[in-house]
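J.: What follows is entry-v3.cif; its format and atoms are mmCIF, C-alpha atoms.
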```cif
data_target
#
loop_
_atom_site.group_PDB
_atom_site.id
_atom_site.type_symbol
_atom_site.label_atom_id
_atom_site.label_comp_id
_atom_site.auth_asym_id
_atom_site.auth_seq_id
_atom_site.Cartn_x
_atom_site.Cartn_y
_atom_site.Cartn_z
ATOM 1 C CA MET L 1 39.386 -16.097 -13.539
ATOM 2 C CA PRO L 2 36.650 -17.129 -11.072
ATOM 3 C CA VAL L 3 34.736 -20.274 -11.945
ATOM 4 C CA PRO L 4 31.031 -19.425 -12.221
ATOM 5 C CA GLY L 5 28.975 -21.283 -9.646
ATOM 6 C CA PRO L 6 25.638 -22.935 -10.283
ATOM 7 C CA GLU L 7 22.911 -20.453 -11.110
ATOM 8 C CA LEU L 8 20.439 -19.615 -8.359
ATOM 9 C CA GLU L 9 17.195 -21.525 -8.829
ATOM 10 C CA VAL L 10 13.779 -20.581 -7.545
ATOM 11 C CA VAL L 11 10.982 -23.146 -7.383
ATOM 12 C CA CYS L 12 7.269 -22.344 -7.445
ATOM 13 C CA ARG L 13 6.733 -22.656 -3.709
ATOM 14 C CA GLU L 14 9.472 -20.042 -3.142
ATOM 15 C CA LEU L 15 8.464 -17.777 -5.998
ATOM 16 C CA VAL L 16 4.965 -17.188 -4.678
ATOM 17 C CA GLU L 17 6.492 -15.779 -1.488
ATOM 18 C CA LEU L 18 8.753 -13.450 -3.504
ATOM 19 C CA ALA L 19 5.913 -12.074 -5.623
ATOM 20 C CA THR L 20 5.523 -8.758 -3.795
ATOM 21 C CA GLY L 21 9.251 -8.112 -3.572
ATOM 22 C CA TYR L 22 9.584 -8.848 -7.277
ATOM 23 C CA LEU L 23 6.736 -6.527 -8.292
ATOM 24 C CA ASP L 24 8.230 -3.792 -6.073
ATOM 25 C CA GLY L 25 11.655 -4.124 -7.666
ATOM 26 C CA ALA L 26 13.052 -4.791 -4.207
ATOM 27 C CA LEU L 27 14.958 -8.011 -4.892
ATOM 28 C CA ALA L 28 18.641 -8.533 -5.605
ATOM 29 C CA PRO L 29 19.521 -8.813 -9.311
ATOM 30 C CA GLU L 30 20.489 -12.475 -9.112
ATOM 31 C CA VAL L 31 17.149 -13.324 -7.481
ATOM 32 C CA VAL L 32 15.280 -11.354 -10.147
ATOM 33 C CA ALA L 33 17.209 -13.237 -12.816
ATOM 34 C CA ALA L 34 16.391 -16.572 -11.184
ATOM 35 C CA ILE L 35 12.718 -15.642 -10.988
ATOM 36 C CA GLU L 36 12.625 -14.594 -14.614
ATOM 37 C CA ARG L 37 14.345 -17.795 -15.720
ATOM 38 C CA HIS L 38 11.675 -19.709 -13.829
ATOM 39 C CA LEU L 39 8.777 -17.625 -15.177
ATOM 40 C CA ALA L 40 9.964 -18.286 -18.736
ATOM 41 C CA GLU L 41 9.263 -21.968 -18.165
ATOM 42 C CA CYS L 42 6.375 -21.930 -15.695
ATOM 43 C CA ASP L 43 2.920 -20.851 -16.852
ATOM 44 C CA ALA L 44 1.467 -21.463 -13.394
ATOM 45 C CA CYS L 45 3.854 -19.055 -11.641
ATOM 46 C CA THR L 46 3.405 -16.547 -14.446
ATOM 47 C CA GLU L 47 -0.334 -16.731 -13.826
ATOM 48 C CA TYR L 48 0.102 -16.420 -10.056
ATOM 49 C CA LEU L 49 2.214 -13.288 -10.405
ATOM 50 C CA ALA L 50 -0.296 -11.839 -12.873
ATOM 51 C CA GLN L 51 -3.072 -12.473 -10.343
ATOM 52 C CA ILE L 52 -1.198 -10.681 -7.556
ATOM 53 C CA ALA L 53 -0.598 -7.732 -9.889
ATOM 54 C CA ALA L 54 -4.239 -7.749 -11.047
ATOM 55 C CA THR L 55 -5.408 -7.847 -7.431
ATOM 56 C CA ALA L 56 -3.298 -4.811 -6.560
ATOM 57 C CA ALA L 57 -4.573 -2.971 -9.636
ATOM 58 C CA ALA L 58 -8.205 -3.804 -8.842
ATOM 59 C CA THR L 59 -7.733 -2.703 -5.225
ATOM 60 C CA ALA L 60 -6.978 0.786 -6.538
ATOM 61 C CA GLY L 61 -10.679 1.050 -7.381
ATOM 62 C CA VAL L 62 -11.841 0.529 -3.793
ATOM 63 C CA PRO L 63 -13.439 3.776 -2.609
ATOM 64 C CA ALA L 64 -11.629 5.666 0.137
ATOM 65 C CA ARG L 65 -13.122 7.878 2.789
ATOM 66 C CA GLY L 66 -12.468 11.603 2.486
ATOM 67 C CA LEU L 67 -12.754 14.466 4.921
ATOM 68 C CA SER L 68 -16.273 15.483 5.905
ATOM 69 C CA GLU L 69 -17.597 18.656 4.292
ATOM 70 C CA ARG L 70 -17.622 20.331 7.698
ATOM 71 C CA ALA L 71 -13.966 19.572 8.384
ATOM 72 C CA ALA L 72 -12.902 20.688 4.913
ATOM 73 C CA ALA L 73 -14.856 23.951 5.311
ATOM 74 C CA ASP L 74 -13.267 24.627 8.725
ATOM 75 C CA ILE L 75 -9.789 24.041 7.324
ATOM 76 C CA LEU L 76 -10.407 26.303 4.357
ATOM 77 C CA ALA L 77 -11.834 29.006 6.645
ATOM 78 C CA ALA L 78 -8.687 28.881 8.777
ATOM 79 C CA PHE L 79 -6.564 29.210 5.635
ATOM 80 C CA ARG L 80 -8.541 32.225 4.427
ATOM 81 C CA GLU L 81 -8.362 33.845 7.848
ATOM 82 C CA ILE L 82 -4.600 33.485 8.133
ATOM 83 C CA ASN L 83 -4.200 34.766 4.595
ATOM 84 C CA ALA L 84 -6.634 37.680 4.859
ATOM 85 C CA GLY L 85 -4.903 40.727 3.441
ATOM 86 C CA HIS L 86 -3.114 38.880 0.618
ATOM 87 C CA MET K 1 19.899 16.094 -9.245
ATOM 88 C CA ASP K 2 18.356 14.465 -12.295
ATOM 89 C CA GLY K 3 15.758 16.060 -14.556
ATOM 90 C CA ALA K 4 12.760 14.367 -12.980
ATOM 91 C CA ALA K 5 13.778 15.301 -9.438
ATOM 92 C CA ALA K 6 14.504 18.879 -10.499
ATOM 93 C CA ALA K 7 11.093 19.142 -12.178
ATOM 94 C CA GLU K 8 9.408 17.779 -9.065
ATOM 95 C CA GLN K 9 11.225 20.246 -6.859
ATOM 96 C CA GLU K 10 10.194 23.103 -9.131
ATOM 97 C CA ARG K 11 6.535 22.009 -9.133
ATOM 98 C CA ASP K 12 6.669 21.795 -5.371
ATOM 99 C CA GLY K 13 8.192 25.269 -5.172
ATOM 100 C CA VAL K 14 5.377 26.658 -7.304
ATOM 101 C CA LEU K 15 2.803 24.911 -5.101
ATOM 102 C CA VAL K 16 4.312 26.277 -1.890
ATOM 103 C CA SER K 17 4.486 29.826 -3.205
ATOM 104 C CA ARG K 18 0.855 29.632 -4.400
ATOM 105 C CA LEU K 19 -0.213 28.486 -0.940
ATOM 106 C CA ARG K 20 1.896 31.125 0.793
ATOM 107 C CA GLY K 21 0.283 33.636 -1.527
ATOM 108 C CA GLY K 22 -3.113 32.656 -0.116
ATOM 109 C CA ASP K 23 -4.445 30.753 -3.131
ATOM 110 C CA ALA K 24 -7.490 29.116 -1.543
ATOM 111 C CA ALA K 25 -8.458 27.184 -4.663
ATOM 112 C CA VAL K 26 -5.097 25.426 -4.827
ATOM 113 C CA PHE K 27 -5.158 24.831 -1.078
ATOM 114 C CA GLY K 28 -8.636 23.293 -1.342
ATOM 115 C CA ASP K 29 -7.396 20.991 -4.093
ATOM 116 C CA VAL K 30 -4.434 19.830 -2.017
ATOM 117 C CA VAL K 31 -6.602 19.235 1.053
ATOM 118 C CA ARG K 32 -9.086 17.173 -0.975
ATOM 119 C CA ALA K 33 -6.346 15.252 -2.776
ATOM 120 C CA TRP K 34 -4.200 14.344 0.232
ATOM 121 C CA SER K 35 -6.792 13.914 3.004
ATOM 122 C CA PRO K 36 -7.983 10.383 2.138
ATOM 123 C CA ALA K 37 -4.458 8.959 2.527
ATOM 124 C CA MET K 38 -3.942 11.114 5.624
ATOM 125 C CA LEU K 39 -7.134 9.749 7.159
ATOM 126 C CA ARG K 40 -5.904 6.222 6.484
ATOM 127 C CA VAL K 41 -2.568 6.887 8.147
ATOM 128 C CA ALA K 42 -4.219 8.551 11.147
ATOM 129 C CA ARG K 43 -6.645 5.644 11.462
ATOM 130 C CA ALA K 44 -3.683 3.326 12.019
ATOM 131 C CA TYR K 45 -2.923 5.151 15.259
ATOM 132 C CA VAL K 46 -6.340 5.957 16.739
ATOM 133 C CA ALA K 47 -9.437 3.974 17.609
ATOM 134 C CA THR K 48 -12.175 5.581 15.490
ATOM 135 C CA ASP K 49 -12.839 7.284 12.146
ATOM 136 C CA ALA K 50 -13.919 10.389 14.068
ATOM 137 C CA ALA K 51 -10.616 10.512 15.953
ATOM 138 C CA ALA K 52 -8.748 10.089 12.667
ATOM 139 C CA GLU K 53 -10.657 13.022 11.189
ATOM 140 C CA ASP K 54 -9.749 15.144 14.221
ATOM 141 C CA VAL K 55 -6.084 14.282 13.715
ATOM 142 C CA VAL K 56 -6.222 15.195 10.029
ATOM 143 C CA GLN K 57 -8.030 18.442 10.754
ATOM 144 C CA GLU K 58 -5.476 19.371 13.445
ATOM 145 C CA THR K 59 -2.722 18.553 10.987
ATOM 146 C CA TRP K 60 -4.090 20.857 8.296
ATOM 147 C CA LEU K 61 -4.508 23.650 10.855
ATOM 148 C CA ALA K 62 -0.866 23.187 11.872
ATOM 149 C CA VAL K 63 0.090 23.267 8.195
ATOM 150 C CA VAL K 64 -1.836 26.500 7.650
ATOM 151 C CA ARG K 65 -0.148 28.100 10.665
ATOM 152 C CA GLY K 66 3.291 26.739 9.816
ATOM 153 C CA LEU K 67 3.352 27.426 6.086
ATOM 154 C CA ALA K 68 5.028 30.815 6.430
ATOM 155 C CA GLY K 69 7.944 29.148 8.207
ATOM 156 C CA PHE K 70 8.257 26.128 5.887
ATOM 157 C CA GLU K 71 11.752 26.154 4.467
ATOM 158 C CA GLY K 72 11.296 23.671 1.628
ATOM 159 C CA ARG K 73 14.012 21.343 2.887
ATOM 160 C CA SER K 74 11.633 18.507 2.033
ATOM 161 C CA THR K 75 8.649 18.415 -0.286
ATOM 162 C CA LEU K 76 5.435 19.912 1.047
ATOM 163 C CA ARG K 77 3.850 16.464 1.146
ATOM 164 C CA THR K 78 6.687 14.968 3.190
ATOM 165 C CA TRP K 79 6.370 17.836 5.641
ATOM 166 C CA VAL K 80 2.574 17.499 5.905
ATOM 167 C CA PHE K 81 2.746 13.737 6.456
ATOM 168 C CA HIS K 82 5.478 14.216 9.058
ATOM 169 C CA ILE K 83 3.210 16.557 11.025
ATOM 170 C CA LEU K 84 0.386 14.062 10.564
ATOM 171 C CA ALA K 85 2.390 11.118 11.912
ATOM 172 C CA ASN K 86 3.453 13.105 14.981
ATOM 173 C CA ARG K 87 -0.113 14.220 15.720
ATOM 174 C CA ALA K 88 -1.501 10.757 15.126
ATOM 175 C CA ARG K 89 1.085 9.202 17.429
ATOM 176 C CA THR K 90 0.285 11.748 20.168
ATOM 177 C CA ALA K 91 -3.446 11.192 19.767
ATOM 178 C CA GLY K 92 -2.927 7.428 19.928
ATOM 179 C CA GLN K 93 -0.920 7.768 23.115
ATOM 180 C CA ARG K 94 -3.639 9.957 24.610
ATOM 181 C CA GLU K 95 -6.045 7.129 23.915
ATOM 182 C CA SER K 96 -3.604 4.855 25.740
ATOM 183 C CA ARG K 97 -3.417 2.934 22.523
ATOM 184 C CA GLN K 98 -0.010 1.522 21.760
ATOM 185 C CA ILE K 99 0.677 0.560 18.192
ATOM 186 C CA PRO K 100 3.425 -1.983 18.440
ATOM 187 C CA TRP K 101 3.467 -2.754 14.760
ATOM 188 C CA SER K 102 5.641 -5.751 15.331
ATOM 189 C CA SER K 103 2.887 -7.319 17.399
ATOM 190 C CA LEU K 104 -0.215 -6.202 15.499
ATOM 191 C CA ASP K 105 -0.038 -9.395 13.502
ATOM 192 C CA ALA K 106 0.510 -11.508 16.610
ATOM 193 C CA GLY K 107 -1.930 -14.380 16.582
ATOM 194 C CA GLU K 108 -1.571 -14.429 12.833
ATOM 195 C CA PRO K 109 0.735 -17.361 12.120
ATOM 196 C CA ALA K 110 3.797 -16.562 10.083
ATOM 197 C CA GLY K 111 4.557 -18.905 7.218
ATOM 198 C CA PRO K 112 3.611 -19.434 3.608
ATOM 199 C CA THR K 113 0.830 -17.408 2.039
ATOM 200 C CA VAL K 114 -0.090 -20.225 -0.325
ATOM 201 C CA ASP K 115 -1.254 -23.561 1.044
ATOM 202 C CA PRO K 116 1.844 -25.831 1.018
ATOM 203 C CA ASP K 117 -0.475 -28.614 -0.052
ATOM 204 C CA ARG K 118 -0.587 -27.037 -3.483
ATOM 205 C CA PHE K 119 3.072 -27.873 -4.084
ATOM 206 C CA ARG K 120 4.841 -31.163 -4.621
ATOM 207 C CA ASP K 121 6.706 -32.350 -1.584
ATOM 208 C CA GLY K 122 10.192 -33.749 -1.000
ATOM 209 C CA ASP K 123 9.415 -37.243 -2.283
ATOM 210 C CA ASP K 124 8.395 -35.951 -5.651
ATOM 211 C CA PRO K 125 10.897 -35.645 -8.535
ATOM 212 C CA TYR K 126 9.940 -31.951 -8.764
ATOM 213 C CA PRO K 127 9.677 -30.809 -5.147
ATOM 214 C CA GLY K 128 8.359 -27.309 -4.718
ATOM 215 C CA HIS K 129 6.545 -27.218 -8.059
ATOM 216 C CA TRP K 130 2.800 -26.764 -8.298
ATOM 217 C CA ARG K 131 0.878 -30.008 -8.026
ATOM 218 C CA ALA K 132 -1.133 -30.913 -11.097
ATOM 219 C CA GLY K 133 -4.663 -29.618 -10.662
ATOM 220 C CA ARG K 134 -3.683 -27.133 -7.920
ATOM 221 C CA GLU K 135 -2.101 -24.494 -10.170
ATOM 222 C CA PRO K 136 -3.665 -21.040 -10.302
ATOM 223 C CA ARG K 137 -6.453 -20.915 -12.887
ATOM 224 C CA ARG K 138 -6.987 -17.908 -15.141
ATOM 225 C CA TRP K 139 -9.462 -15.247 -14.187
ATOM 226 C CA GLN K 140 -11.868 -14.603 -17.004
ATOM 227 C CA PRO K 141 -13.007 -11.981 -17.720
ATOM 228 C CA SER K 142 -10.121 -10.056 -16.152
ATOM 229 C CA PRO K 143 -10.959 -7.933 -13.093
ATOM 230 C CA GLU K 144 -10.854 -4.623 -14.959
ATOM 231 C CA GLU K 145 -13.561 -5.674 -17.441
ATOM 232 C CA SER K 146 -16.658 -3.540 -16.832
ATOM 233 C CA ALA K 147 -18.872 -6.623 -16.544
ATOM 234 C CA VAL K 148 -17.178 -7.670 -13.289
ATOM 235 C CA ALA K 149 -15.291 -4.574 -12.084
ATOM 236 C CA GLY K 150 -18.138 -3.297 -9.891
ATOM 237 C CA GLU K 151 -18.703 -6.598 -8.077
ATOM 238 C CA ILE K 152 -14.985 -7.071 -7.658
ATOM 239 C CA ARG K 153 -14.607 -3.620 -6.142
ATOM 240 C CA VAL K 154 -17.274 -4.477 -3.545
ATOM 241 C CA LEU K 155 -15.661 -7.839 -2.840
ATOM 242 C CA LEU K 156 -12.203 -6.342 -2.410
ATOM 243 C CA ALA K 157 -13.526 -3.589 -0.119
ATOM 244 C CA ALA K 158 -15.019 -6.269 2.136
ATOM 245 C CA ALA K 159 -11.914 -8.462 1.984
ATOM 246 C CA LEU K 160 -9.763 -5.439 2.861
ATOM 247 C CA ARG K 161 -11.906 -4.730 5.933
ATOM 248 C CA GLY K 162 -11.404 -8.353 6.941
ATOM 249 C CA LEU K 163 -7.619 -8.171 6.965
ATOM 250 C CA PRO K 164 -5.700 -7.922 10.227
ATOM 251 C CA PRO K 165 -5.225 -4.181 10.991
ATOM 252 C CA ALA K 166 -1.547 -3.837 10.058
ATOM 253 C CA GLN K 167 -2.035 -5.629 6.726
ATOM 254 C CA GLN K 168 -5.181 -3.635 6.045
ATOM 255 C CA THR K 169 -3.343 -0.367 6.639
ATOM 256 C CA VAL K 170 -0.388 -1.183 4.416
ATOM 257 C CA VAL K 171 -2.477 -2.630 1.560
ATOM 258 C CA SER K 172 -4.801 0.398 1.711
ATOM 259 C CA LEU K 173 -1.972 2.908 1.657
ATOM 260 C CA ARG K 174 -0.036 1.136 -1.120
ATOM 261 C CA ASP K 175 -2.821 -0.150 -3.352
ATOM 262 C CA VAL K 176 -5.895 1.996 -2.651
ATOM 263 C CA HIS K 177 -4.087 5.286 -2.079
ATOM 264 C CA GLY K 178 -1.098 4.566 -4.318
ATOM 265 C CA MET K 179 1.497 5.667 -1.774
ATOM 266 C CA ALA K 180 5.100 4.693 -2.431
ATOM 267 C CA ALA K 181 6.716 2.103 -0.178
ATOM 268 C CA GLU K 182 9.145 4.602 1.337
ATOM 269 C CA GLU K 183 6.362 7.037 2.189
ATOM 270 C CA VAL K 184 4.330 4.281 3.841
ATOM 271 C CA CYS K 185 7.337 3.264 5.941
ATOM 272 C CA GLN K 186 7.859 6.837 7.104
ATOM 273 C CA ALA K 187 4.185 7.413 7.842
ATOM 274 C CA LEU K 188 3.887 4.270 9.953
ATOM 275 C CA GLY K 189 7.395 4.136 11.404
ATOM 276 C CA ILE K 190 8.083 0.651 10.047
ATOM 277 C CA THR K 191 10.979 -0.853 8.125
ATOM 278 C CA ALA K 192 10.917 -1.578 4.403
ATOM 279 C CA ALA K 193 11.077 -5.284 5.175
ATOM 280 C CA ASN K 194 8.167 -5.130 7.620
ATOM 281 C CA GLN K 195 6.130 -3.128 5.121
ATOM 282 C CA ARG K 196 6.805 -5.680 2.406
ATOM 283 C CA VAL K 197 5.788 -8.630 4.580
ATOM 284 C CA LEU K 198 2.511 -6.926 5.534
ATOM 285 C CA LEU K 199 1.780 -5.977 1.908
ATOM 286 C CA HIS K 200 2.617 -9.481 0.743
ATOM 287 C CA ARG K 201 0.400 -11.232 3.277
ATOM 288 C CA GLY K 202 -2.465 -8.800 2.730
ATOM 289 C CA ARG K 203 -2.336 -9.027 -1.037
ATOM 290 C CA ALA K 204 -2.147 -12.831 -0.918
ATOM 291 C CA LYS K 205 -5.391 -12.872 1.061
ATOM 292 C CA LEU K 206 -7.062 -10.471 -1.356
ATOM 293 C CA ARG K 207 -5.904 -12.595 -4.291
ATOM 294 C CA ALA K 208 -7.409 -15.647 -2.606
ATOM 295 C CA ALA K 209 -10.676 -13.754 -2.114
ATOM 296 C CA LEU K 210 -10.743 -12.838 -5.814
ATOM 297 C CA ASP K 211 -9.922 -16.397 -6.748
ATOM 298 C CA GLY K 212 -12.885 -17.472 -4.657
ATOM 299 C CA TYR K 213 -15.072 -15.127 -6.711
ATOM 300 C CA TYR K 214 -13.869 -16.625 -9.989
ATOM 301 C CA HIS K 215 -13.475 -20.280 -9.095
ATOM 302 C CA GLY K 216 -15.260 -20.857 -5.807
ATOM 303 C CA GLY K 217 -13.602 -21.073 -2.408
ATOM 304 C CA GLY K 218 -10.999 -23.493 -1.165
ATOM 305 C CA ARG K 219 -8.033 -22.466 -3.310
#
```
Let's see the structure in the file written out as structure tokens.
T.:
Amino acid sequence: MPVPGPELEVVCRELVELATGYLDGALAPEVVAAIERHLAECDACTEYLAQIAATAAATAGVPARGLSERAAADILAAFREINAGH
Amino acid sequence: MDGAAAAEQERDGVLVSRLRGGDAAVFGDVVRAWSPAMLRVARAYVATDAAAEDVVQETWLAVVRGLAGFEGRSTLRTWVFHILANRARTAGQRESRQIPWSSLDAGEPAGPTVDPDRFRDGDDPYPGHWRAGREPRRWQPSPEESAVAGEIRVLLAAALRGLPPAQQTVVSLRDVHGMAAEEVCQALGITAANQRVLLHRGRAKLRAALDGYYHGGGR
């Protein structure tokens, strides 16, 4: 039976650089586990992660440029023309 | 195929047949819904907003012409964004503009996104932990509270414009337009790892900008 090795540990300075990978679910399970062990004991890192998540959520509210009315009308006209007779 | 994927495929099938049937209302909805993200992708390849709009318009015209021949081997959206990326790349080349994504952040030093000074160093009994007094401080009220949401939106829009181009593109596509990581990678022709680094660095800067709003600069 294999002897379990020491558990992976993540310190604060490392965790902040793993924040995006963690929130994206892109990290290996043992790294996720190490992060979550650390978060359970570290209010500061918990806050940092929450701030990254809150930033991403707030960024969703930034207005984005759409097509001009003219361009949209031209595109729709082309669609109608190709589909004339339907 | 699982239930969710099957449902998505069915919805897509209904959408395609409506469009092939000439349903202009549905087509208008799709154009309005998808064009902002398409503009953002195109803008990564060309020099101006006007050029990006041309690319998106050309793309939709190609979609309209090609719809009859679309075989549904991918979703409609994947197909549309594939056409878009090809057209954007061609337009960028015509402008003699290379987009070597690996070098767009050149000049931007690699390295930690949080000032190393904020962590205890090797001499400390807890190296790598936050230094006392340099930990992140809570944001109150939280950014989604109506009292601050408007100002924060303006601040983030400005901070986004201030990011290096590659970071700005990825953060916009992921966080403003809500595109999935995989879709962003395909649209820009970058790896998952590259995408994550750009998103990480961009978001860290935006977080710092928000922290400046709440607690003053210098953190």
J.: Can you write out as a Markdown table which residues of chain L fall within 10 Å of chain K, alongside each residue's closest atom pair and its distance in Å to one decimal, counting only C-alpha atoms and ordering rows by chain and ascending residue number?
T.:
```
| residue | atom | partner | partner_atom | distance |
| --- | --- | --- | --- | --- |
| L:Val10 | CA | K:Gly128 | CA | 9.1 |
| L:Val11 | CA | K:Gly128 | CA | 5.6 |
| L:Cys12 | CA | K:His129 | CA | 5.0 |
| L:Arg13 | CA | K:Gly128 | CA | 5.0 |
| L:Glu14 | CA | K:Gly128 | CA | 7.5 |
| L:Leu15 | CA | K:Gly128 | CA | 9.6 |
| L:Val16 | CA | K:Val114 | CA | 7.3 |
| L:Glu17 | CA | K:Thr113 | CA | 6.9 |
| L:Leu18 | CA | K:His200 | CA | 8.5 |
| L:Ala19 | CA | K:His200 | CA | 7.6 |
| L:Thr20 | CA | K:His200 | CA | 5.4 |
| L:Gly21 | CA | K:Arg196 | CA | 6.9 |
| L:Asp24 | CA | K:Ala181 | CA | 8.5 |
| L:Ala26 | CA | K:Arg196 | CA | 9.1 |
| L:Cys42 | CA | K:His129 | CA | 9.3 |
| L:Asp43 | CA | K:Glu135 | CA | 9.1 |
| L:Ala44 | CA | K:Glu135 | CA | 5.7 |
| L:Cys45 | CA | K:Pro136 | CA | 7.9 |
| L:Thr46 | CA | K:Pro136 | CA | 9.3 |
| L:Glu47 | CA | K:Pro136 | CA | 6.5 |
| L:Tyr48 | CA | K:Pro136 | CA | 6.0 |
| L:Leu49 | CA | K:Pro136 | CA | 9.7 |
| L:Ala50 | CA | K:Arg138 | CA | 9.3 |
| L:Gln51 | CA | K:Arg207 | CA | 6.7 |
| L:Ile52 | CA | K:Arg207 | CA | 6.0 |
| L:Ala53 | CA | K:Arg203 | CA | 9.1 |
| L:Ala54 | CA | K:Pro143 | CA | 7.0 |
| L:Thr55 | CA | K:Arg207 | CA | 5.7 |
| L:Ala56 | CA | K:Asp175 | CA | 5.7 |
| L:Ala57 | CA | K:Asp175 | CA | 7.1 |
| L:Ala58 | CA | K:Pro143 | CA | 6.5 |
| L:Thr59 | CA | K:Val176 | CA | 5.7 |
| L:Ala60 | CA | K:Val176 | CA | 4.2 |
| L:Gly61 | CA | K:Arg153 | CA | 6.2 |
| L:Val62 | CA | K:Arg153 | CA | 5.5 |
| L:Pro63 | CA | K:Val176 | CA | 7.8 |
| L:Ala64 | CA | K:Pro36 | CA | 6.3 |
| L:Arg65 | CA | K:Pro36 | CA | 5.8 |
| L:Gly66 | CA | K:Pro36 | CA | 4.7 |
| L:Leu67 | CA | K:Ser35 | CA | 6.3 |
| L:Ser68 | CA | K:Glu53 | CA | 8.1 |
| L:Ala71 | CA | K:Gln57 | CA | 6.5 |
| L:Ala72 | CA | K:Val31 | CA | 7.5 |
| L:Ala73 | CA | K:Gly28 | CA | 9.1 |
| L:Asp74 | CA | K:Gln57 | CA | 8.4 |
| L:Ile75 | CA | K:Leu61 | CA | 6.4 |
| L:Leu76 | CA | K:Gly28 | CA | 6.7 |
| L:Ala77 | CA | K:Ala24 | CA | 9.3 |
| L:Ala78 | CA | K:Leu61 | CA | 7.0 |
| L:Phe79 | CA | K:Val64 | CA | 5.8 |
| L:Arg80 | CA | K:Ala24 | CA | 6.8 |
| L:Glu81 | CA | K:Gly22 | CA | 9.6 |
| L:Ile82 | CA | K:Arg65 | CA | 7.4 |
| L:Asn83 | CA | K:Gly22 | CA | 5.3 |
| L:Ala84 | CA | K:Gly22 | CA | 7.9 |
| L:Gly85 | CA | K:Gly22 | CA | 9.0 |
| L:His86 | CA | K:Gly22 | CA | 6.3 |
```
J.: Calculate how many Å separate atom CA of Glu9 of chain L from atom CA of Glu36 of chain L, rounding to one decimal.
T.: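 Rounded to one decimal, the two atoms are 10.1 Å apart.
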J.: Report, as JSON, the axis-aligned box around all atoms of segment 53-69 of chain L present in the file, extended by 4 Å on each side; give centre and edge lengths in Å to one decimal place.
T.:
```
{"center_x": -9.1, "center_y": 5.4, "center_z": -2.6, "size_x": 25.0, "size_y": 34.5, "size_z": 25.0}
```
J.: Please list as a PDB file with C-alpha atoms, in the coordinates of the input every residue within 12 Å of Gly13 of chain K, counting only C-alpha atoms and excluding residues in the same chain fewer than 2 positions away.
T.:
```pdb
ATOM      1  CA  ALA K   6      14.504  18.879 -10.499  1.00  0.00           C
ATOM      2  CA  ALA K   7      11.093  19.142 -12.178  1.00  0.00           C
ATOM      3  CA  GLU K   8       9.408  17.779  -9.065  1.00  0.00           C
ATOM      4  CA  GLN K   9      11.225  20.246  -6.859  1.00  0.00           C
ATOM      5  CA  GLU K  10      10.194  23.103  -9.131  1.00  0.00           C
ATOM      6  CA  ARG K  11       6.535  22.009  -9.133  1.00  0.00           C
ATOM      7  CA  LEU K  15       2.803  24.911  -5.101  1.00  0.00           C
ATOM      8  CA  VAL K  16       4.312  26.277  -1.890  1.00  0.00           C
ATOM      9  CA  SER K  17       4.486  29.826  -3.205  1.00  0.00           C
ATOM     10  CA  ARG K  18       0.855  29.632  -4.400  1.00  0.00           C
ATOM     11  CA  LEU K  19      -0.213  28.486  -0.940  1.00  0.00           C
ATOM     12  CA  ARG K  20       1.896  31.125   0.793  1.00  0.00           C
ATOM     13  CA  PHE K  70       8.257  26.128   5.887  1.00  0.00           C
ATOM     14  CA  GLU K  71      11.752  26.154   4.467  1.00  0.00           C
ATOM     15  CA  GLY K  72      11.296  23.671   1.628  1.00  0.00           C
ATOM     16  CA  ARG K  73      14.012  21.343   2.887  1.00  0.00           C
ATOM     17  CA  SER K  74      11.633  18.507   2.033  1.00  0.00           C
ATOM     18  CA  THR K  75       8.649  18.415  -0.286  1.00  0.00           C
ATOM     19  CA  LEU K  76       5.435  19.912   1.047  1.00  0.00           C
ATOM     20  CA  ARG K  77       3.850  16.464   1.146  1.00  0.00           C
TER      21      ARG K  77
END
```
J.: Could you tell me how far atom CA of Glu41 of chain L lies from atom CA of Pro141 of chain K, in Å and to one decimal?
T.: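 Value for the atom CA of Glu41 of chain L-atom CA of Pro141 of chain K distance: 24.4 Å.
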J.: Using only C-alpha atoms, pick whichever of K:Val148, K:Ala44, K:Ala62, K:Leu163 has the shortest atom-to-atom distance to Ala88 of chain K.
T.: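 Between K:Val148, K:Ala44, K:Ala62, K:Leu163, the residue approaching Ala88 of chain K most closely is K:Ala44.
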J.: For atom CA of Arg70 of chain L and atom CA of Asp29 of chain K, quote the distance in Å rounded to one decimal.
T.: 15.6 Å
J.: Compare K:Glu183, K:Glu151, K:Gln167, K:Tyr45 by their minimum atom-to-atom distance to Gly92 of chain K, counting all atoms listed in the file, and give me the closest one.
T.: K:Tyr45
J.: What residues have an atom no more than 12 Å from (7.3, 2.8, 11.0) in the file's own frame, counting all atoms listed in the file, and can you write them as a ChimeraX atom specification?
T.: /K:41,44-45,82,85-86,89,99-102,166,169-170,181-195
